[in-house]
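Asks: Before we start, here is the structure in question, set down as structure tokens.
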Amino acid sequence: MSNPIEVTELSRSFGNLRAVDSINLTVTSGEVFGFLGPNGAGKSTAVRMLTTLLKPTSGSARVAGFDVVGDPSAVRKKIGVALQDAAIDPLMTGNELLRLQCVLHGLPKRSSLKRCGDLLERVGLTAAGDRRVGTYSGGMRRRLDLALSLVHEPEVLFLDEPTTGLDPTSRMALWEEVRNLNKDLGTTVFLTTQYLEEADQLAERIAIIDDGKIVREGSPASLKSAVGAPTLRVDVSENDLPLARKAMSHFGEERPARRNRIAIGLVSGTTGITDVLKALDDAGVEIHHVELDEPSLDDVFADATGRRLEGGQV
Amino acid sequence: MLRQPQSWAPGLFFPLLLAAVYASQFSRAVTIEGFPFPNVSFLDFVLPACVIQGVLFGSTNSASDLAADIENSFMDRLLVSPVSRGSILLSRLASAFIYGVAQAAVLISIFVLFGANIAGGFSSIISIVLIAAMLSVSMGSFGIAVALRTGSQEVVQSTFPLIFVAVFVSSAFFPVQLMEGWYGAIARKNPLTWVIDPTRRMAIEGFSWADFGQSLGIVLVIASIGILISIRQLRRRLVRAQ
Amino acid sequence: MSSFDSPQVPSFAVVFAGIQRGLIRLQRIPSLILPAVLMPIFFVVAFSGSFASIVELEGYETDKAVNWMTAWAVMQGAAFSGMGAGGLAGTDLENGFFDRLRVAPTRPMALIGGLVGYCVCRALIPITAVLIVAFAFLNADMPGGLLGVVMVYLSGVGMSVVMSFLVLGIVFTFKTLKSLAIAQIIMFSSMFLSVGQAPIQAIEGWLHHVAAVNPITNVIRMCRQGFLGEVTWATTQPGLIALLGMMLGTGIWARIRYKKVDA
């Protein structure tokens with residue numbers, strides 16, 4: 001059987017802007033694939049193309065075995081989609097929306113009633129099923145959105161920034177939901193996120209997208225180990241910056257850091273820290289603060305793009 | 001203002017459409033027995049009403065802006081600044097007046113271009129523009145009172161159909177003499193009829209101080225009532241703000 | 001892998017669900033329909049009242065203005081109800097719910113059909129309201145009898161389909177609720193440039209020619225015939241042809257613009 005998602009040289013331009021620039025991707029059956037990138041990197045544009053909502057400028061994509069341009073309605077039968085911001089009609093109740101969704105996917109009426117009940121229970125909204133969506137909290141909306149995208153038992157589930165704007169508790173509840181889905185039903189999940197932690201926690205494999213291009217791809221663990229060295233961060237006063245930079249440059253390559261701070265990839269590993277501190281001391285640099293971090297996805301992102309993601313450690 | 005065509009375009013479009021349609025559809029209406037001006041074109045007959053209607057289309061704009069200011073609490077900032085309280089009202093009314101003058105002048109020019117006849121010439125035109133603009137101020141002041149009272153743009157905008165109804169149930173588009181029953185009775189008592197009839201006489205028969213005095217006088221009375229009510233509402237709002 | 005595999009989603013069910021959704025929303029915010037009901041009621045009262053003597057002119061074929069103006073108000077109300085389809089689609093487009101509808105494996109015409117069907121249901125409310133006011137308070141006549149009333153509903157429903165398609169095409173093009181203003185201008189112009197208020201014999205100048213070729217003229221005549229006399233096939237047929245032609249044209253327009261929603 002072919003892979004659920006196969007993307008070849010997919011591009012989309014808006015005027016002069018190349019929102020998605022020749023990306024190639026393969027997602028294998030049953031995996032959770034994370035698409036990580038900052039705001040405006042092209043994640044949503046890519047998802048809109050994969051879900052047949054937007055036509056590519058060039059390149060091709062096959063989802064669930066069908067071409068997104070050539071046979072969009074075959075693709076639509078096989079995919080579930082929860083788009084950004086959980087756009088749901090606030091005047092309708094959860095139950096009404098689920099039933100509408102069943103009709104839109106051609107489910108017979110008798111089986112759809114049971115299906116709606118099951119799905120509400122799965123996402124923990126049984127009690128709120130007859131309330132208008134306008135009264136739901138952000139987390140409840142996302143969970144309903146998830147349920148809506150599941151009515152037809154899709155083979156591939158697309159989640160576009162499923163937790164953006166949620167509080168930490170709701171976010172973790174939703175992660176749990178996605179994990180269970182993937183485990184219980186074997187649904188392939190394609191998720192976009194701007195949160196490092198989300199990609200790290202949920203995805204078996206990730207691709208990092210920046211400026212429309214995929215800059216890294218692999219499992220979080222392999223990407224982290226590829227960056228290699230842990231990051232050493234030293235805060236010094238502004239006057240000492242040139243001295244400190246010179247002293248530290250012997251121990252590894254410099255990484256992006258905030259003001260009055262120097263960060264390097266410590267080649268010699270964690271044990272080399274004493275040598276660095278000694279060298280700084282010898283150079284007469286006054287040290288305000290020191291921290292050492294094992295590589296994170298944030299470092300992977302910084303390594304690939306030279307920038308930090310929002311919320312990342314700098 | 002030019003960047004917001006939705007605030008002035010309907011005020012140009014609808015009066016012109018109505019005038020064009022009525023001028024051709026009811027051109028023979030002037031031959032009906034009892035029509036007060038049997039020798040004019042129907043376009044000349046509806047001209048003053050169309051100008052007034054166009055001006056009233058925009059008269060809720062300034063009130064709606066005020067309600068928006070209250071909604072986004074820009075009003076509160078104005079109130080704590082040393083700007084005089086009266087000038088808050090005055091600036092709104094002045095903008096309604098200027099809008100009225102501009103809209104009326106543009107509409108009359110277009111009508112004249114399409115062959116409308118204004119017998120009184122320049123002095124009649126000036127009078128019509130002035131009366132229309134003051135009517136815009138009157139309706140604007142009622143709108144402002146509603147805005148101050150409710151602080152809601154939606155409510156202010158929903159008063160608009162009332163203006164539309166008021167214009168229609170008057171002598172604006174047809175002589176009240178030819179209306180029957182209760183409808184005619186209401187139209188004859190509508191203050192807008194008392195404003196429109198003398199204004200129309202000035203357009204069709206020529207300028208007269210008596211007609212000018214009557215229509216402007218009534219408009220001024222309406223305006224003073226509206227302004228008094230809005231001053232009251234502004235005071236209320238100030239008291240509540242303290 | 002998927003336990004459920006539908007061959008084709010039944011379009012009828014989708015249309016029905018679309019209508020149901022529109023009506024549920026209407027039931028929750030009834031004020032949505034208020035202008036669409038009040039406006040035509042006001043029209044029939046104001047036009048019959050203001051222009052009471054206009055029927056003395058040649059061509060009106062009736063001695064009461066209300067007999068002439070009721071059809072005009074019904075058509076206005078029916079046409080205006082088409083704004084409802086645009087309002088719902090515009091809201092969905094603005095908040096993103098429309099994507100959820102579009103990503104389902106349904107036929108586009110079924111989604112459009114649901115919106116149009118909702119408007120047809122809506123249109124029945126102002127049409128009925130205008131008829132009640134005209135007969136109960138304004139002493140309108142209906143020499144055409146029951147068939148005449150059927151003609152009123154038939155032309156009203158047809159007009160609301162045409163205007164729904166037209167407005168949807170415009171909203172699909174601009175993807176905002178604001179574009180309803182454009183739709184409104186187009187709608188009112190096309191309605192006013194017809195025999196809505198005056199018979200063709202009374203209209204002079206350029207408007208005479210425009211009104212003569214405006215297909216809406218035929219629909220209004222079909223709607224009005226029962227108020228003026230017997231219902232005849234000679235008046236009904238041009239109306240039906242005009243309605244079918246306009247439905248086809250505006251339907252294709254709506255379908256083409258739908259395709260471009262996310263091009």
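Quick note on naming: the chains in the structure tokens go A, B, ... in the order shown, residues restart at 1 in each chain, and ligands are numbered from 1 in order of appearance.
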Chain B near chain C within 9 Å: what's each residue's closest atom pair and its distance in Å to one decimal, counting only C-alpha atoms, ordered by chain then ascending residue number, as a Markdown table?
Replies:
```
| residue | atom | partner | partner_atom | distance |
| --- | --- | --- | --- | --- |
| B:Gln6 | CA | C:Ala181 | CA | 8.1 |
| B:Pro10 | CA | C:Ile185 | CA | 8.5 |
| B:Phe13 | CA | C:Ile185 | CA | 8.3 |
| B:Phe14 | CA | C:Ile185 | CA | 8.4 |
| B:Leu17 | CA | C:Ser189 | CA | 7.3 |
| B:Leu18 | CA | C:Phe192 | CA | 8.2 |
| B:Ala20 | CA | C:Leu207 | CA | 8.4 |
| B:Val21 | CA | C:Leu193 | CA | 6.9 |
| B:Tyr22 | CA | C:Gln197 | CA | 8.9 |
| B:Ala23 | CA | C:Glu204 | CA | 8.4 |
| B:Ser24 | CA | C:Glu204 | CA | 4.9 |
| B:Gln25 | CA | C:Ile203 | CA | 4.3 |
| B:Phe26 | CA | C:Ile203 | CA | 6.9 |
| B:Ser27 | CA | C:Glu204 | CA | 7.1 |
| B:Arg28 | CA | C:Ala202 | CA | 6.7 |
| B:Ala29 | CA | C:Ile54 | CA | 6.4 |
| B:Thr31 | CA | C:Leu57 | CA | 8.3 |
| B:Ile32 | CA | C:Glu56 | CA | 7.0 |
| B:Glu33 | CA | C:Glu56 | CA | 8.9 |
| B:Pro161 | CA | C:Met39 | CA | 8.7 |
| B:Val165 | CA | C:Phe42 | CA | 7.8 |
| B:Phe168 | CA | C:Ala46 | CA | 6.7 |
| B:Val169 | CA | C:Ala46 | CA | 6.6 |
| B:Ser170 | CA | C:Ser50 | CA | 8.0 |
| B:Ser171 | CA | C:Ser50 | CA | 8.1 |
| B:Phe173 | CA | C:Ser50 | CA | 7.4 |
| B:Phe174 | CA | C:Ser50 | CA | 6.1 |
| B:Pro175 | CA | C:Ser50 | CA | 8.0 |
| B:Val176 | CA | C:Ser50 | CA | 7.7 |
| B:Leu178 | CA | C:Ser53 | CA | 6.0 |
| B:Met179 | CA | C:Ala52 | CA | 5.8 |
| B:Glu180 | CA | C:Ala52 | CA | 6.8 |
| B:Gly181 | CA | C:Gly49 | CA | 8.4 |
| B:Trp182 | CA | C:Gly49 | CA | 8.8 |
| B:Tyr183 | CA | C:Gly49 | CA | 5.7 |
| B:Gly184 | CA | C:Gly49 | CA | 7.1 |
| B:Ala187 | CA | C:Ser50 | CA | 8.6 |
```
Asks: Could you list, as a list of chain:residue names, every residue within 9 Å of Val66 in chain C, counting only C-alpha atoms and ignoring same-chain residues fewer than 2 positions away?
Replies: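 The contact residues come out as C:Val44, C:Val45, C:Phe47, C:Ser48, C:Gly49, C:Ala52, C:Asp63, C:Lys64, C:Trp68, C:Met69, C:Thr70, C:Ala71, C:Ala134, C:Leu138, C:Asn139, C:Ala140, C:Asp141.
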Asks: Dump C-alpha atoms for the selected residues as a PDB file, in the first residue's frame?
Replies:
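Written file, selection-v7.pdb:
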```
ATOM      1  CA  VAL C  44     -47.087  47.613   0.315  1.00  0.00           C
ATOM      2  CA  VAL C  45     -48.495  50.105   2.816  1.00  0.00           C
ATOM      3  CA  PHE C  47     -46.689  52.520  -2.075  1.00  0.00           C
ATOM      4  CA  SER C  48     -50.413  51.849  -1.940  1.00  0.00           C
ATOM      5  CA  GLY C  49     -50.860  54.920   0.238  1.00  0.00           C
ATOM      6  CA  ALA C  52     -53.155  55.856  -4.295  1.00  0.00           C
ATOM      7  CA  ASP C  63     -59.005  50.934  -9.459  1.00  0.00           C
ATOM      8  CA  LYS C  64     -57.027  50.272  -6.292  1.00  0.00           C
ATOM      9  CA  TRP C  68     -50.936  46.929  -8.231  1.00  0.00           C
ATOM     10  CA  MET C  69     -48.430  47.392  -5.422  1.00  0.00           C
ATOM     11  CA  THR C  70     -48.894  44.096  -3.532  1.00  0.00           C
ATOM     12  CA  ALA C  71     -47.135  42.136  -6.264  1.00  0.00           C
ATOM     13  CA  ALA C 134     -52.828  43.511   1.718  1.00  0.00           C
ATOM     14  CA  LEU C 138     -55.710  47.304   2.600  1.00  0.00           C
ATOM     15  CA  ASN C 139     -58.691  45.599   0.935  1.00  0.00           C
ATOM     16  CA  ALA C 140     -56.780  44.068  -1.923  1.00  0.00           C
ATOM     17  CA  ASP C 141     -58.796  42.036  -4.454  1.00  0.00           C
TER      18      ASP C 141
END
```
Asks: Compile the residues of chain A that lie within 8 Å of chain C, evaluated using only C-alpha atoms, and express the compilation as a VMD selection string.
Replies: chain A and resid 51 to 55 73 to 74 76 to 77 81 83 87 to 89 91 to 92 100 103 to 107 152 to 155
Asks: Just the alpha helix (DSSP H) stuff from range 53-200 of chain B, please, per backbone DSSP, written as an MDAnalysis selection string.
Replies: chainID B and resid 53:71 74:80 85:113 121:150 153:158 160:168 181:189 191:200
Asks: Given the choices C:Gly82, C:Gly158, C:Gly226, C:Pro126, which gets closest to Gly145 in chain C if the distance is worked out from only C-alpha atoms?
Replies: C:Gly226
Asks: For Gly169 in chain C, list every protein, DNA or RNA residue within 10 Å, evaluated using only C-alpha atoms, and leave out those in the same chain fewer than 4 positions away; present the list as a list of chain:residue names.
Replies: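 Those residues are C:Gly86, C:Ile112, C:Met163, C:Ser164, C:Phe165, C:Thr173, C:Phe174, C:Lys175, C:Ala183, C:Thr250, C:Gly251, C:Ile252, C:Trp253, C:Ala254, C:Arg255, C:Ile256, C:Arg257, C:Tyr258, C:Lys260, C:Val261.
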Asks: Name the residues in contact with range 192-200 of chain B at a cut-off of 10 Å, using only C-alpha atoms, excluding same-chain residues fewer than 6 positions from it; report them as a PyMOL selection string.
Replies: chain B and resi 44-49+52+118+124-125+127-128+131-132+135+166-173+175-176+186+206-208+210-219+222
Asks: List the neighbours of Gln103 in chain B out to 8 Å using only C-alpha atoms; skip same-chain residues closer than 4 positions along the sequence, and give me the result as a PyMOL selection string.
Replies: chain B and resi 11-12+51+54-55+99+107
Asks: Any idea what's packed within 10 Å of Pro56 in chain A, counting only C-alpha atoms, ignoring anything in its chain fewer than 3 positions away? Could you give it as a ChimeraX atom specification?
Replies: /A:10-13,20,45-46,48-50,52-53,59-61,68-69 /C:263
Asks: Output N, CA and C atoms for every residue in that selection, as a tab-separated table (two decimals), in the first residue's frame.
Replies:
```tsv
chain	number	residue	atom	x	y	z
A	10	LEU	N	6.15	20.42	-4.06
A	10	LEU	CA	4.92	21.19	-3.95
A	10	LEU	C	5.21	22.67	-3.67
A	11	SER	N	4.60	23.55	-4.46
A	11	SER	CA	4.81	25.00	-4.29
A	11	SER	C	3.50	25.73	-4.40
A	12	ARG	N	3.45	26.87	-3.71
A	12	ARG	CA	2.30	27.75	-3.87
A	12	ARG	C	2.77	29.19	-3.72
A	13	SER	N	2.44	30.00	-4.70
A	13	SER	CA	2.80	31.42	-4.63
A	13	SER	C	1.54	32.26	-4.50
A	20	VAL	N	4.86	28.47	-0.07
A	20	VAL	CA	5.42	27.12	0.07
A	20	VAL	C	6.31	26.91	-1.14
A	45	THR	N	-0.67	27.07	4.57
A	45	THR	CA	-0.78	26.98	3.11
A	45	THR	C	-0.56	25.54	2.67
A	46	ALA	N	0.45	24.89	3.25
A	46	ALA	CA	0.73	23.50	2.90
A	46	ALA	C	-0.45	22.61	3.25
A	48	ARG	N	-3.57	23.47	3.60
A	48	ARG	CA	-4.72	23.77	2.72
A	48	ARG	C	-4.57	23.08	1.36
A	49	MET	N	-3.33	22.95	0.90
A	49	MET	CA	-3.13	22.24	-0.37
A	49	MET	C	-3.35	20.74	-0.17
A	50	LEU	N	-2.83	20.20	0.91
A	50	LEU	CA	-2.98	18.76	1.14
A	50	LEU	C	-4.43	18.37	1.38
A	52	THR	N	-6.99	19.75	-0.13
A	52	THR	CA	-7.73	20.11	-1.37
A	52	THR	C	-8.44	21.45	-1.30
A	53	LEU	N	-8.12	22.27	-0.29
A	53	LEU	CA	-8.80	23.56	-0.20
A	53	LEU	C	-8.13	24.61	-1.08
A	59	GLY	N	4.02	21.34	-8.69
A	59	GLY	CA	4.30	20.17	-7.88
A	59	GLY	C	3.05	19.34	-7.67
A	60	SER	N	3.18	18.24	-6.94
A	60	SER	CA	2.01	17.39	-6.74
A	60	SER	C	2.01	16.80	-5.35
A	61	ALA	N	0.85	16.33	-4.94
A	61	ALA	CA	0.72	15.69	-3.64
A	61	ALA	C	-0.32	14.58	-3.75
A	68	VAL	N	-4.31	15.21	-5.01
A	68	VAL	CA	-5.16	16.26	-4.43
A	68	VAL	C	-5.78	17.15	-5.50
A	69	VAL	N	-5.11	17.26	-6.65
A	69	VAL	CA	-5.67	18.08	-7.73
A	69	VAL	C	-6.54	17.23	-8.64
C	263	ALA	N	-9.06	29.85	-5.20
C	263	ALA	CA	-8.19	29.58	-6.34
C	263	ALA	C	-6.82	30.21	-6.13
```
Asks: Counting only C-alpha atoms, what is within 12 Å of range 297-300 of chain A, bar same-chain residues fewer than 4 positions away, as an mmCIF file with N, CA and C atoms, in the first residue's frame?
Replies:
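Saved file result.cif follows:
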```cif
data_model
loop_
_atom_site.group_PDB
_atom_site.id
_atom_site.type_symbol
_atom_site.label_atom_id
_atom_site.label_comp_id
_atom_site.auth_asym_id
_atom_site.auth_seq_id
_atom_site.Cartn_x
_atom_site.Cartn_y
_atom_site.Cartn_z
ATOM 1 N N GLY A 34 4.838 15.748 12.574
ATOM 2 C CA GLY A 34 4.734 17.134 13.015
ATOM 3 C C GLY A 34 5.355 18.075 12.000
ATOM 4 N N LEU A 36 6.636 21.686 11.926
ATOM 5 C CA LEU A 36 6.976 22.719 12.894
ATOM 6 C C LEU A 36 7.519 23.951 12.187
ATOM 7 N N GLY A 37 7.052 25.113 12.605
ATOM 8 C CA GLY A 37 7.577 26.333 12.011
ATOM 9 C C GLY A 37 6.949 27.542 12.647
ATOM 10 N N PRO A 38 7.596 28.701 12.495
ATOM 11 C CA PRO A 38 7.038 29.917 13.087
ATOM 12 C C PRO A 38 5.803 30.385 12.314
ATOM 13 N N GLN A 194 3.417 25.582 16.091
ATOM 14 C CA GLN A 194 4.544 26.500 16.263
ATOM 15 C C GLN A 194 5.182 26.279 17.623
ATOM 16 N N TYR A 195 4.700 25.247 18.331
ATOM 17 C CA TYR A 195 5.251 24.970 19.659
ATOM 18 C C TYR A 195 6.229 23.808 19.606
ATOM 19 N N LEU A 196 7.459 24.077 20.068
ATOM 20 C CA LEU A 196 8.491 23.055 20.081
ATOM 21 C C LEU A 196 8.061 21.863 20.913
ATOM 22 N N GLU A 197 7.488 22.178 22.067
ATOM 23 C CA GLU A 197 7.158 21.117 23.000
ATOM 24 C C GLU A 197 6.121 20.180 22.396
ATOM 25 N N GLU A 198 5.174 20.781 21.656
ATOM 26 C CA GLU A 198 4.109 19.985 21.057
ATOM 27 C C GLU A 198 4.684 18.994 20.050
ATOM 28 N N ALA A 199 5.562 19.504 19.192
ATOM 29 C CA ALA A 199 6.183 18.636 18.202
ATOM 30 C C ALA A 199 6.984 17.537 18.901
ATOM 31 N N ASP A 200 7.712 17.932 19.939
ATOM 32 C CA ASP A 200 8.569 17.008 20.673
ATOM 33 C C ASP A 200 7.743 15.913 21.342
ATOM 34 N N GLN A 201 6.620 16.320 21.958
ATOM 35 C CA GLN A 201 5.790 15.396 22.725
ATOM 36 C C GLN A 201 4.999 14.440 21.846
ATOM 37 N N ALA A 203 4.980 14.140 18.076
ATOM 38 C CA ALA A 203 5.322 13.635 16.755
ATOM 39 C C ALA A 203 6.436 12.603 16.804
ATOM 40 N N ARG A 205 7.894 11.832 13.899
ATOM 41 C CA ARG A 205 8.811 12.450 12.955
ATOM 42 C C ARG A 205 8.354 13.880 12.730
ATOM 43 N N ILE A 206 9.307 14.771 12.498
ATOM 44 C CA ILE A 206 8.913 16.153 12.230
ATOM 45 C C ILE A 206 9.664 16.694 11.020
ATOM 46 N N ALA A 207 9.065 17.717 10.428
ATOM 47 C CA ALA A 207 9.761 18.504 9.420
ATOM 48 C C ALA A 207 9.707 19.942 9.905
ATOM 49 N N ILE A 208 10.832 20.637 9.784
ATOM 50 C CA ILE A 208 10.853 22.044 10.175
ATOM 51 C C ILE A 208 10.739 22.884 8.926
ATOM 52 N N ILE A 209 9.756 23.787 8.919
ATOM 53 C CA ILE A 209 9.552 24.629 7.742
ATOM 54 C C ILE A 209 9.832 26.074 8.117
ATOM 55 N N VAL A 215 13.563 22.781 6.145
ATOM 56 C CA VAL A 215 14.990 22.935 6.432
ATOM 57 C C VAL A 215 15.565 21.746 7.198
ATOM 58 N N ARG A 216 14.744 20.973 7.878
ATOM 59 C CA ARG A 216 15.209 19.757 8.562
ATOM 60 C C ARG A 216 14.073 18.751 8.552
ATOM 61 N N GLU A 217 14.399 17.475 8.565
ATOM 62 C CA GLU A 217 13.365 16.458 8.647
ATOM 63 C C GLU A 217 13.927 15.229 9.331
ATOM 64 N N GLY A 218 13.155 14.618 10.221
ATOM 65 C CA GLY A 218 13.609 13.412 10.896
ATOM 66 C C GLY A 218 12.890 13.242 12.214
ATOM 67 N N SER A 219 13.283 12.246 13.016
ATOM 68 C CA SER A 219 12.662 12.090 14.326
ATOM 69 C C SER A 219 13.254 13.144 15.254
ATOM 70 N N PRO A 220 12.489 13.601 16.248
ATOM 71 C CA PRO A 220 13.030 14.619 17.152
ATOM 72 C C PRO A 220 14.376 14.198 17.742
ATOM 73 N N ALA A 221 14.482 12.926 18.134
ATOM 74 C CA ALA A 221 15.721 12.475 18.762
ATOM 75 C C ALA A 221 16.896 12.576 17.800
ATOM 76 N N SER A 222 16.687 12.112 16.555
ATOM 77 C CA SER A 222 17.812 12.123 15.623
ATOM 78 C C SER A 222 18.190 13.550 15.257
ATOM 79 N N LEU A 223 17.176 14.430 15.156
ATOM 80 C CA LEU A 223 17.491 15.820 14.821
ATOM 81 C C LEU A 223 18.292 16.478 15.927
ATOM 82 N N LYS A 224 17.899 16.155 17.172
ATOM 83 C CA LYS A 224 18.600 16.764 18.305
ATOM 84 C C LYS A 224 20.043 16.281 18.366
ATOM 85 N N SER A 225 20.206 14.973 18.153
ATOM 86 C CA SER A 225 21.580 14.473 18.267
ATOM 87 C C SER A 225 22.422 14.961 17.096
ATOM 88 N N ALA A 226 21.763 15.293 15.973
ATOM 89 C CA ALA A 226 22.524 15.808 14.837
ATOM 90 C C ALA A 226 23.083 17.194 15.130
ATOM 91 N N VAL A 227 22.337 17.961 15.923
ATOM 92 C CA VAL A 227 22.866 19.271 16.304
ATOM 93 C C VAL A 227 24.079 19.075 17.191
ATOM 94 N N GLY A 228 24.051 17.933 17.895
ATOM 95 C CA GLY A 228 25.244 17.533 18.631
ATOM 96 C C GLY A 228 25.382 18.185 19.968
ATOM 97 N N ALA A 229 26.301 19.072 20.025
ATOM 98 C CA ALA A 229 26.755 19.596 21.295
ATOM 99 C C ALA A 229 25.657 20.272 22.110
ATOM 100 N N PRO A 230 25.716 20.141 23.440
ATOM 101 C CA PRO A 230 24.808 20.901 24.290
ATOM 102 C C PRO A 230 25.140 22.396 24.198
ATOM 103 N N THR A 231 24.166 23.219 24.576
ATOM 104 C CA THR A 231 24.369 24.663 24.473
ATOM 105 C C THR A 231 24.813 25.227 25.817
ATOM 106 N N LEU A 232 25.910 25.986 25.791
ATOM 107 C CA LEU A 232 26.358 26.683 26.995
ATOM 108 C C LEU A 232 26.048 28.158 26.817
ATOM 109 N N GLU A 254 29.571 29.460 17.786
ATOM 110 C CA GLU A 254 28.619 30.343 18.453
ATOM 111 C C GLU A 254 27.200 30.115 17.943
ATOM 112 N N ARG A 255 26.243 30.222 18.866
ATOM 113 C CA ARG A 255 24.825 30.071 18.503
ATOM 114 C C ARG A 255 24.073 31.360 18.831
ATOM 115 N N PRO A 256 22.923 31.572 18.172
ATOM 116 C CA PRO A 256 22.177 32.811 18.437
ATOM 117 C C PRO A 256 21.824 32.934 19.917
ATOM 118 N N ALA A 257 21.928 34.132 20.447
ATOM 119 C CA ALA A 257 21.615 34.351 21.862
ATOM 120 C C ALA A 257 21.078 35.746 22.044
ATOM 121 N N ALA A 263 26.250 32.306 23.503
ATOM 122 C CA ALA A 263 25.910 30.885 23.545
ATOM 123 C C ALA A 263 26.792 30.146 22.553
ATOM 124 N N ILE A 264 27.277 28.993 22.966
ATOM 125 C CA ILE A 264 28.056 28.175 22.027
ATOM 126 C C ILE A 264 27.596 26.734 22.119
ATOM 127 N N GLY A 265 27.839 25.973 21.053
ATOM 128 C CA GLY A 265 27.649 24.535 21.102
ATOM 129 C C GLY A 265 28.927 23.943 21.687
ATOM 130 N N ASP A 293 22.485 23.476 28.518
ATOM 131 C CA ASP A 293 21.290 22.737 28.106
ATOM 132 C C ASP A 293 21.643 21.644 27.129
ATOM 133 N N ALA A 304 19.218 25.378 12.056
ATOM 134 C CA ALA A 304 18.785 25.346 10.663
ATOM 135 C C ALA A 304 18.533 26.734 10.107
ATOM 136 N N THR A 305 18.039 27.635 10.948
ATOM 137 C CA THR A 305 17.590 28.924 10.421
ATOM 138 C C THR A 305 18.391 30.101 10.944
ATOM 139 N N GLY A 306 19.159 29.907 12.002
ATOM 140 C CA GLY A 306 19.878 31.031 12.591
ATOM 141 C C GLY A 306 18.978 31.901 13.441
ATOM 142 N N ARG A 307 17.715 31.466 13.664
ATOM 143 C CA ARG A 307 16.798 32.239 14.504
ATOM 144 C C ARG A 307 16.194 31.328 15.560
ATOM 145 N N ARG A 308 15.541 31.958 16.527
ATOM 146 C CA ARG A 308 14.880 31.187 17.574
ATOM 147 C C ARG A 308 13.373 31.223 17.373
ATOM 148 N N LEU A 309 12.701 30.167 17.766
ATOM 149 C CA LEU A 309 11.244 30.178 17.732
ATOM 150 C C LEU A 309 10.721 30.924 18.941
ATOM 151 N N GLU A 310 9.547 31.480 18.801
ATOM 152 C CA GLU A 310 8.920 32.162 19.932
ATOM 153 C C GLU A 310 8.755 31.168 21.079
ATOM 154 N N GLY A 311 9.102 31.589 22.264
ATOM 155 C CA GLY A 311 8.949 30.690 23.408
ATOM 156 C C GLY A 311 10.148 29.784 23.585
ATOM 157 N N GLY A 312 11.077 29.829 22.647
ATOM 158 C CA GLY A 312 12.274 29.007 22.781
ATOM 159 C C GLY A 312 13.255 29.659 23.750
ATOM 160 N N GLN A 313 14.200 28.883 24.211
ATOM 161 C CA GLN A 313 15.209 29.370 25.158
ATOM 162 C C GLN A 313 16.277 30.137 24.391
ATOM 163 N N VAL A 314 16.522 31.398 24.778
ATOM 164 C CA VAL A 314 17.554 32.157 24.069
ATOM 165 C C VAL A 314 18.597 32.643 25.041
#
```
Asks: Could you please determine the separation between CA of Arg201 in chain B and CA of Phe160 in chain B in Å, to one decimal place?
Replies: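 One can read the CA of Arg201 in chain B to CA of Phe160 in chain B distance as 27.4 Å.
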